[in-house]
Structures are given as C-alpha cells and as structure tokens.
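Engineer: File data_32.csv follows (CSV, C-alpha atoms):
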chain,number,residue,atom,x,y,z
I,163,TYR,CA,15.1,-9.1,-3.5
I,164,SER,CA,14.6,-10.8,-6.8
I,165,THR,CA,10.9,-11.6,-6.0
I,166,VAL,CA,10.3,-8.0,-4.9
I,167,ALA,CA,12.0,-6.7,-8.0
I,168,GLU,CA,9.9,-8.9,-10.2
I,169,TYR,CA,6.5,-7.9,-8.8
I,170,ALA,CA,7.5,-4.2,-8.3
I,171,GLU,CA,8.3,-4.0,-12.1
I,172,GLN,CA,5.1,-5.9,-12.9
I,173,TYR,CA,3.0,-3.4,-11.0
I,174,GLY,CA,4.8,-0.3,-12.0
I,175,MET,CA,7.3,0.8,-9.3
I,176,SER,CA,11.0,0.5,-8.6
I,177,PRO,CA,11.8,-2.2,-6.1
I,178,ASN,CA,13.3,0.3,-3.7
I,179,LEU,CA,10.0,1.3,-1.9
I,180,PRO,CA,8.5,-2.2,-1.5
I,181,MET,CA,11.9,-3.6,-0.4
I,182,ALA,CA,12.1,-0.8,2.2
I,183,VAL,CA,8.5,-1.5,3.4
I,184,LEU,CA,9.4,-5.3,3.6
I,185,THR,CA,12.5,-4.5,5.7
I,186,GLN,CA,10.5,-2.2,8.0
I,187,GLU,CA,7.7,-4.7,8.4
I,188,SER,CA,9.6,-7.9,8.9
I,189,GLY,CA,13.3,-7.4,8.5
I,190,GLY,CA,13.1,-10.2,5.9
I,191,ASP,CA,12.0,-12.7,8.5
I,192,ASN,CA,9.1,-14.7,7.1
I,193,SER,CA,8.4,-16.4,10.5
I,194,PHE,CA,6.1,-13.5,11.5
I,195,ARG,CA,2.4,-14.4,11.6
I,196,ASP,CA,1.5,-11.9,8.8
I,197,GLY,CA,4.5,-12.7,6.6
I,198,LEU,CA,7.2,-10.6,5.0
I,199,MET,CA,5.0,-7.7,4.1
I,200,GLN,CA,2.9,-8.0,7.4
I,201,ILE,CA,-0.4,-8.2,5.6
I,202,GLN,CA,-3.2,-8.2,8.1
I,203,PHE,CA,-5.6,-10.6,6.4
I,204,TRP,CA,-8.7,-9.3,8.2
I,205,SER,CA,-8.1,-5.7,7.1
I,206,TRP,CA,-8.2,-6.6,3.3
I,207,GLU,CA,-10.5,-9.6,3.5
I,208,ASN,CA,-13.3,-9.6,0.8
I,209,GLN,CA,-12.1,-6.3,-0.6
I,210,PRO,CA,-11.2,-6.7,-4.3
I,211,VAL,CA,-8.1,-4.7,-5.1
I,212,ARG,CA,-7.1,-3.8,-8.7
I,213,ALA,CA,-3.6,-3.1,-10.0
I,214,TYR,CA,-2.5,-2.5,-13.5
I,215,ASN,CA,0.0,-5.1,-14.7
I,216,PHE,CA,2.5,-3.4,-16.8
I,217,ASN,CA,3.8,-6.7,-18.2
I,218,THR,CA,0.4,-7.9,-19.5
I,219,GLY,CA,-1.1,-4.5,-20.2
I,220,LYS,CA,-4.2,-5.6,-18.2
I,221,THR,CA,-5.6,-4.9,-14.8
I,222,ASP,CA,-5.3,-7.7,-12.2
I,223,THR,CA,-7.8,-8.0,-9.4
I,224,ILE,CA,-6.9,-9.9,-6.2
I,225,VAL,CA,-9.1,-10.6,-3.2
I,226,LEU,CA,-8.2,-12.1,0.1
I,227,SER,CA,-10.8,-14.6,1.2
I,228,ASN,CA,-11.0,-17.9,3.1
I,229,THR,CA,-14.0,-18.8,1.0
I,230,PRO,CA,-12.6,-18.7,-2.6
I,231,ALA,CA,-15.8,-20.3,-4.0
I,232,LYS,CA,-17.5,-17.0,-3.3
I,233,TYR,CA,-15.5,-15.4,-6.1
I,234,ALA,CA,-15.8,-18.2,-8.7
I,235,GLY,CA,-16.4,-16.8,-12.1
I,236,THR,CA,-15.3,-13.2,-11.2
I,237,GLY,CA,-11.9,-13.4,-12.8
I,238,TYR,CA,-10.4,-12.4,-9.4
I,239,THR,CA,-7.3,-14.2,-8.1
I,240,VAL,CA,-8.2,-15.3,-4.6
I,241,TYR,CA,-5.6,-15.8,-1.9
I,242,THR,CA,-6.5,-17.3,1.5
I,243,GLU,CA,-5.0,-16.5,4.8
I,244,GLN,CA,-2.9,-19.7,4.4
I,245,ASP,CA,-1.7,-18.5,1.0
I,246,LEU,CA,-0.2,-15.4,2.5
I,247,LYS,CA,2.3,-17.6,4.4
I,248,ASN,CA,4.0,-18.2,1.0
I,249,PRO,CA,6.7,-15.5,0.7
I,250,GLU,CA,6.1,-15.0,-3.0
I,251,ILE,CA,2.3,-14.5,-2.6
I,252,ASN,CA,2.9,-12.3,0.4
I,253,ILE,CA,5.3,-10.1,-1.5
I,254,LYS,CA,3.0,-9.9,-4.6
I,255,CYS,CA,-0.1,-9.0,-2.5
I,256,GLY,CA,2.0,-6.5,-0.4
I,257,ILE,CA,3.2,-4.7,-3.5
I,258,ILE,CA,-0.4,-4.6,-4.9
I,259,PHE,CA,-1.7,-3.2,-1.6
I,260,LEU,CA,1.1,-0.7,-1.5
I,261,ARG,CA,0.4,0.5,-5.0
I,262,TYR,CA,-3.4,0.7,-4.2
I,263,SER,CA,-2.6,2.7,-1.1
I,264,ILE,CA,-0.4,5.2,-3.1
I,265,LEU,CA,-3.0,5.5,-5.9
I,266,ASN,CA,-5.8,6.2,-3.4
I,267,LEU,CA,-3.8,9.1,-2.1
I,268,ASP,CA,-3.3,10.8,-5.4
I,269,ASP,CA,0.1,9.1,-6.2
I,270,ASN,CA,1.7,10.6,-3.1
I,271,ILE,CA,4.2,8.1,-1.9
I,272,ALA,CA,4.6,9.5,1.6
I,273,TYR,CA,0.8,9.5,2.3
I,274,GLY,CA,0.4,6.2,0.5
I,275,THR,CA,3.0,4.7,2.7
I,276,PHE,CA,1.2,5.9,5.7
I,277,ALA,CA,-2.0,4.4,4.3
I,278,TYR,CA,-0.2,1.0,3.8
I,279,ASN,CA,0.5,1.0,7.5
I,280,MET,CA,-2.6,2.7,8.9
I,281,GLY,CA,-5.3,1.8,6.4
I,282,VAL,CA,-6.3,3.7,3.3
I,283,THR,CA,-9.7,4.7,4.7
I,284,ASN,CA,-8.1,6.0,7.9
I,285,ILE,CA,-5.7,8.2,6.0
I,286,VAL,CA,-8.2,9.4,3.4
I,287,ASN,CA,-10.6,10.4,6.2
I,288,LEU,CA,-7.7,12.0,8.2
I,289,VAL,CA,-6.7,14.1,5.2
I,290,GLU,CA,-10.3,15.1,4.5
I,291,ARG,CA,-10.8,16.1,8.2
I,292,TYR,CA,-7.4,18.0,8.3
I,293,ALA,CA,-8.3,19.8,5.0
I,294,SER,CA,-11.7,20.8,6.4
I,295,ILE,CA,-10.2,22.1,9.7
I,296,HIS,CA,-7.7,24.2,7.8
I,297,GLY,CA,-9.9,25.4,5.0
I,298,LEU,CA,-8.0,23.4,2.4
I,299,ASP,CA,-8.9,21.0,-0.4
I,300,PHE,CA,-7.9,17.4,-0.2
I,301,GLU,CA,-5.5,17.9,-3.1
I,302,ASP,CA,-3.9,20.9,-1.4
I,303,VAL,CA,-3.0,18.7,1.6
I,304,ILE,CA,-1.8,15.8,-0.6
I,305,GLU,CA,0.3,17.9,-2.8
I,306,ASP,CA,2.2,19.6,0.1
I,307,THR,CA,3.9,17.1,2.4
I,308,SER,CA,4.6,20.0,4.9
I,309,HIS,CA,1.2,19.1,6.3
I,310,ILE,CA,2.4,15.7,7.5
I,311,ASN,CA,3.3,16.8,11.0
I,312,GLY,CA,-0.1,18.4,11.4
I,313,LEU,CA,-1.8,15.2,10.1
I,314,VAL,CA,0.2,13.1,12.5
I,315,ASP,CA,-0.9,15.3,15.4
I,316,LEU,CA,-4.5,14.9,14.3
I,317,ALA,CA,-4.1,11.2,13.7
I,318,LYS,CA,-2.8,10.7,17.3
I,319,GLU,CA,-6.1,12.0,18.5
I,320,THR,CA,-8.3,9.9,16.2
I,321,ILE,CA,-6.5,6.7,14.9
I,322,ASP,CA,-5.4,4.0,17.3
I,323,VAL,CA,-3.5,1.8,14.8
I,324,GLY,CA,-0.1,2.1,13.1
I,325,ASP,CA,3.2,3.8,13.4
I,326,TRP,CA,3.2,7.6,13.4
I,327,ASN,CA,6.8,7.6,12.1
I,328,TYR,CA,6.2,5.0,9.5
I,329,PRO,CA,7.3,6.8,6.3
I,330,ASN,CA,10.5,7.9,8.0
I,331,ASN,CA,11.1,4.4,9.3
I,332,VAL,CA,10.6,3.0,5.8
I,333,VAL,CA,12.9,5.5,4.1
I,334,GLN,CA,15.8,4.6,6.4
I,335,TYR,CA,15.9,1.2,4.6
I,336,ALA,CA,15.7,2.6,1.1
I,337,GLN,CA,18.7,1.8,-1.1
I,338,GLY,CA,19.2,5.2,-2.8
I,339,ASP,CA,16.7,8.0,-2.9
I,340,GLU,CA,14.6,7.2,-6.0
I,341,PHE,CA,11.1,5.8,-5.9
I,342,GLU,CA,9.8,5.3,-9.4
I,343,PHE,CA,6.1,4.9,-9.7
I,344,LYS,CA,4.4,4.4,-13.1
I,345,SER,CA,0.9,5.4,-13.9
I,346,ILE,CA,-1.4,5.3,-16.9
I,347,ALA,CA,-2.4,8.7,-18.4
I,348,ASP,CA,-5.9,9.4,-19.6
I,349,ASP,CA,-4.6,8.8,-23.2
I,350,GLY,CA,-3.4,5.4,-22.2
I,351,SER,CA,0.3,6.3,-22.2
I,352,ILE,CA,2.6,5.3,-19.4
I,353,ILE,CA,3.9,8.1,-17.3
Kindly return the structure encoded in the file as structure tokens.
Structural biologist:
Amino acid sequence: YSTVAEYAEQYGMSPNLPMAVLTQESGGDNSFRDGLMQIQFWSWENQPVRAYNFNTGKTDTIVLSNTPAKYAGTGYTVYTEQDLKNPEINIKCGIIFLRYSILNLDDNIAYGTFAYNMGVTNIVNLVERYASIHGLDFEDVIEDTSHINGLVDLAKETIDVGDWNYPNNVVQYAQGDEFEFKSIADDGSII
C-alpha cells in the first residue's frame, strides 16, 4: 500500500483506485507472470507514455522496451520486461498506465478503468462507434455513464479481450467511495 500511495500521489490520484486495480489484477500476489498490476508488456511495448509528476512539476515519460539503447538520449525512462517483475516498478508503471487510460477517455474514471483492462485504443474506438450508431458525440457518451451497458453489449461483439465487468470488479475492492484525480488546467493550475 505504501508504494501505491507514493506513486499515486506523485501522479495525481488518490491511492484508492490503483490499489483497487492492483487487488483486482493480482490480489497482491507478485508471483503472477505480469506482476502486481498485470502489465502486459507487449501491449505497451515501444509506446512512450507521459504522465505529469505533481511532485516535480514536470512530465515524466516512460517506455517499455527490451532494447533500451533504442531510447538513449530521449530522456525517457525505459523499463524492460524483466524490470516489470520488480513490484515497485510494476506499481509505478501500472499507475502511469492507469492515469494515461483515464486521461485518454476525457478524465472519466469508469471508461478509463475499462481502457486499462481492454486497451485505450479499443475503448476509444468502441466509444466512437457507439456514438456514431446512436447519433451522439464522443463527449456525450463519455460524460454519461448510463451508456456503459450499451457499450458493453457492443464490445462483446467486437472486442475479444478483457473483462466486461471490470469497473464493477475493481470498485468492489475500493476502500471508501472517493477517487481523487488531479489535472492541470489550461492556465497551469491544479484542479
């Protein structure tokens, strides 16, 4: 928990959500092949992911790669597949990927949690398709979580990965009902 709390604070969220994700993913058992946060290396490999570090006031960029030399001089922090076996690195990367997933779904925690499990591109494409079918804008779907059941039905037809009940499964492990998520406003202030 202390490691989750440290990195959650650093990347702008309460520890409640990443701790619930960790519990859903591994139950705290680091013997799983993909570690505590169940990061599938191949799905993030060679994809630089940025996250604002609220402790330093700068953006950190990480990339998963088994060829770190490829990123020499980029300023990226590179983690190999072997590095992800380290619980601290696994938690840090998992929190960054969770934050990235939420940010790419307009700060919607429910949809972002789906994206952590099923892939950001899969969920963005799913929301766009659902919006098009129903004559809605992407933002309309994202802002109204009542569309989740319809999205799940559509996803079952088109996406063959993930857990269709993932957000509900995660929430059952939450300690309390608050998920704080900080962002940077256009004027640079923290909201």
Engineer: So which residues touch Gly197 of chain I within 8 Å, counting only C-alpha atoms, skipping near sequence neighbours fewer than 5 positions away, as an mmCIF file with C-alpha atoms, keeping the file's coordinate frame?
Structural biologist:
data_model
loop_
_atom_site.group_PDB
_atom_site.id
_atom_site.type_symbol
_atom_site.label_atom_id
_atom_site.label_comp_id
_atom_site.auth_asym_id
_atom_site.auth_seq_id
_atom_site.Cartn_x
_atom_site.Cartn_y
_atom_site.Cartn_z
ATOM 1 C CA SER I 188 9.600 -7.900 8.900
ATOM 2 C CA ASP I 191 12.000 -12.700 8.500
ATOM 3 C CA ASN I 192 9.100 -14.700 7.100
ATOM 4 C CA LEU I 246 -0.200 -15.400 2.500
ATOM 5 C CA LYS I 247 2.300 -17.600 4.400
ATOM 6 C CA ASN I 248 4.000 -18.200 1.000
ATOM 7 C CA PRO I 249 6.700 -15.500 0.700
ATOM 8 C CA ASN I 252 2.900 -12.300 0.400
#
Engineer: Mind checking which residues fall within 10 Å of Ala293 of chain I, counting all atoms listed in the file, ignoring those fewer than 6 positions away in the same chain, and posting them as a PyMOL selection string?
Structural biologist: chain I and resi 287+299-304+309+313
Engineer: Give me a file of those residues, with C-alpha atoms, as a PDB file, in the frame of the given file.
Structural biologist:
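Wrote it out as out34.pdb, contents follow:
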ATOM      1  CA  ASN I 287     -10.600  10.400   6.200  1.00  0.00           C
ATOM      2  CA  ASP I 299      -8.900  21.000  -0.400  1.00  0.00           C
ATOM      3  CA  PHE I 300      -7.900  17.400  -0.200  1.00  0.00           C
ATOM      4  CA  GLU I 301      -5.500  17.900  -3.100  1.00  0.00           C
ATOM      5  CA  ASP I 302      -3.900  20.900  -1.400  1.00  0.00           C
ATOM      6  CA  VAL I 303      -3.000  18.700   1.600  1.00  0.00           C
ATOM      7  CA  ILE I 304      -1.800  15.800  -0.600  1.00  0.00           C
ATOM      8  CA  HIS I 309       1.200  19.100   6.300  1.00  0.00           C
ATOM      9  CA  LEU I 313      -1.800  15.200  10.100  1.00  0.00           C
TER      10      LEU I 313
END
Engineer: So how far away is atom CA of Leu226 of chain I from atom CA of Tyr241 of chain I, in Å?
Structural biologist: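 Between these atoms lies a distance of 4.9 Å.
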Engineer: In Å, how far is it from atom CA of Ile352 of chain I to atom CA of Asp222 of chain I?
Structural biologist: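 Separating atom CA of Ile352 of chain I from atom CA of Asp222 of chain I is a distance of 16.8 Å.
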Engineer: Compare I:Val314, I:Val211, I:Met181, I:Ile295 by their minimum atom-to-atom distance to Leu265 of chain I, counting only C-alpha atoms, and give me the closest one.
Structural biologist: I:Val211
Engineer: Can you work out which one of I:Leu316, I:Ala167, I:Ile258, I:Val225 has the shortest atom-to-atom distance to Ile285 of chain I, counting only C-alpha atoms?
Structural biologist: I:Leu316
Engineer: Tell me which of I:Tyr233, I:Tyr169, I:Trp204, I:Phe259 sits closest to Asn217 of chain I, counting all atoms listed in the file.
Structural biologist: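 Distance minimum relative to Asn217 of chain I lands on I:Tyr169.
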Engineer: Counting all atoms listed in the file, figure out which residue out of I:Thr275, I:Gln186, I:Asn215, I:Ser351 gets nearest to Lys254 of chain I.
Structural biologist: I:Asn215
Engineer: How many Å separate atom CA of Asn178 of chain I from atom CA of Tyr163 of chain I?
Structural biologist: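 Taking atom CA of Asn178 of chain I as the start and atom CA of Tyr163 of chain I as the end point, the length is 9.6 Å.
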Engineer: May I ask which of the residues I:Val323, I:Ala317, I:Gln172, I:Arg291 is the closest one to Gly219 of chain I, counting all atoms listed in the file?
Structural biologist: I:Gln172
Engineer: List the neighbours of Ala272 of chain I out to 8 Å using only C-alpha atoms; skip same-chain residues closer than 3 positions along the sequence, and give me the result as JSON, numbers by chain.
Structural biologist: {"I": [275, 276, 307, 329]}
Engineer: Between I:Ile271, I:Leu198, I:Phe203, I:Glu171, which residue has the minimum interatomic distance to Val333 of chain I, considering only C-alpha atoms?
Structural biologist: I:Ile271
Engineer: Counting only C-alpha atoms, which residues come within 7 Å of (6.2, 7.3, -6.4), with the point read in the file's coordinates, and could you list them as an MDAnalysis selection string?
Structural biologist: chainID I and resid 269:271 341:343
Engineer: Can you list, as a ChimeraX atom specification, every protein, DNA or RNA residue that comes within 10 Å of Ile346 of chain I when you count all atoms listed in the file, leaving out same-chain residues fewer than 6 positions away?
Structural biologist: /I:174,214,216,352-353
Engineer: Would you mind exporting C-alpha atoms of the selected residues as a tab-separated table (two decimals), in the frame of the given file?
Structural biologist:
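part.tsv written:
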chain	number	residue	atom	x	y	z
I	174	GLY	CA	4.80	-0.30	-12.00
I	214	TYR	CA	-2.50	-2.50	-13.50
I	216	PHE	CA	2.50	-3.40	-16.80
I	352	ILE	CA	2.60	5.30	-19.40
I	353	ILE	CA	3.90	8.10	-17.30
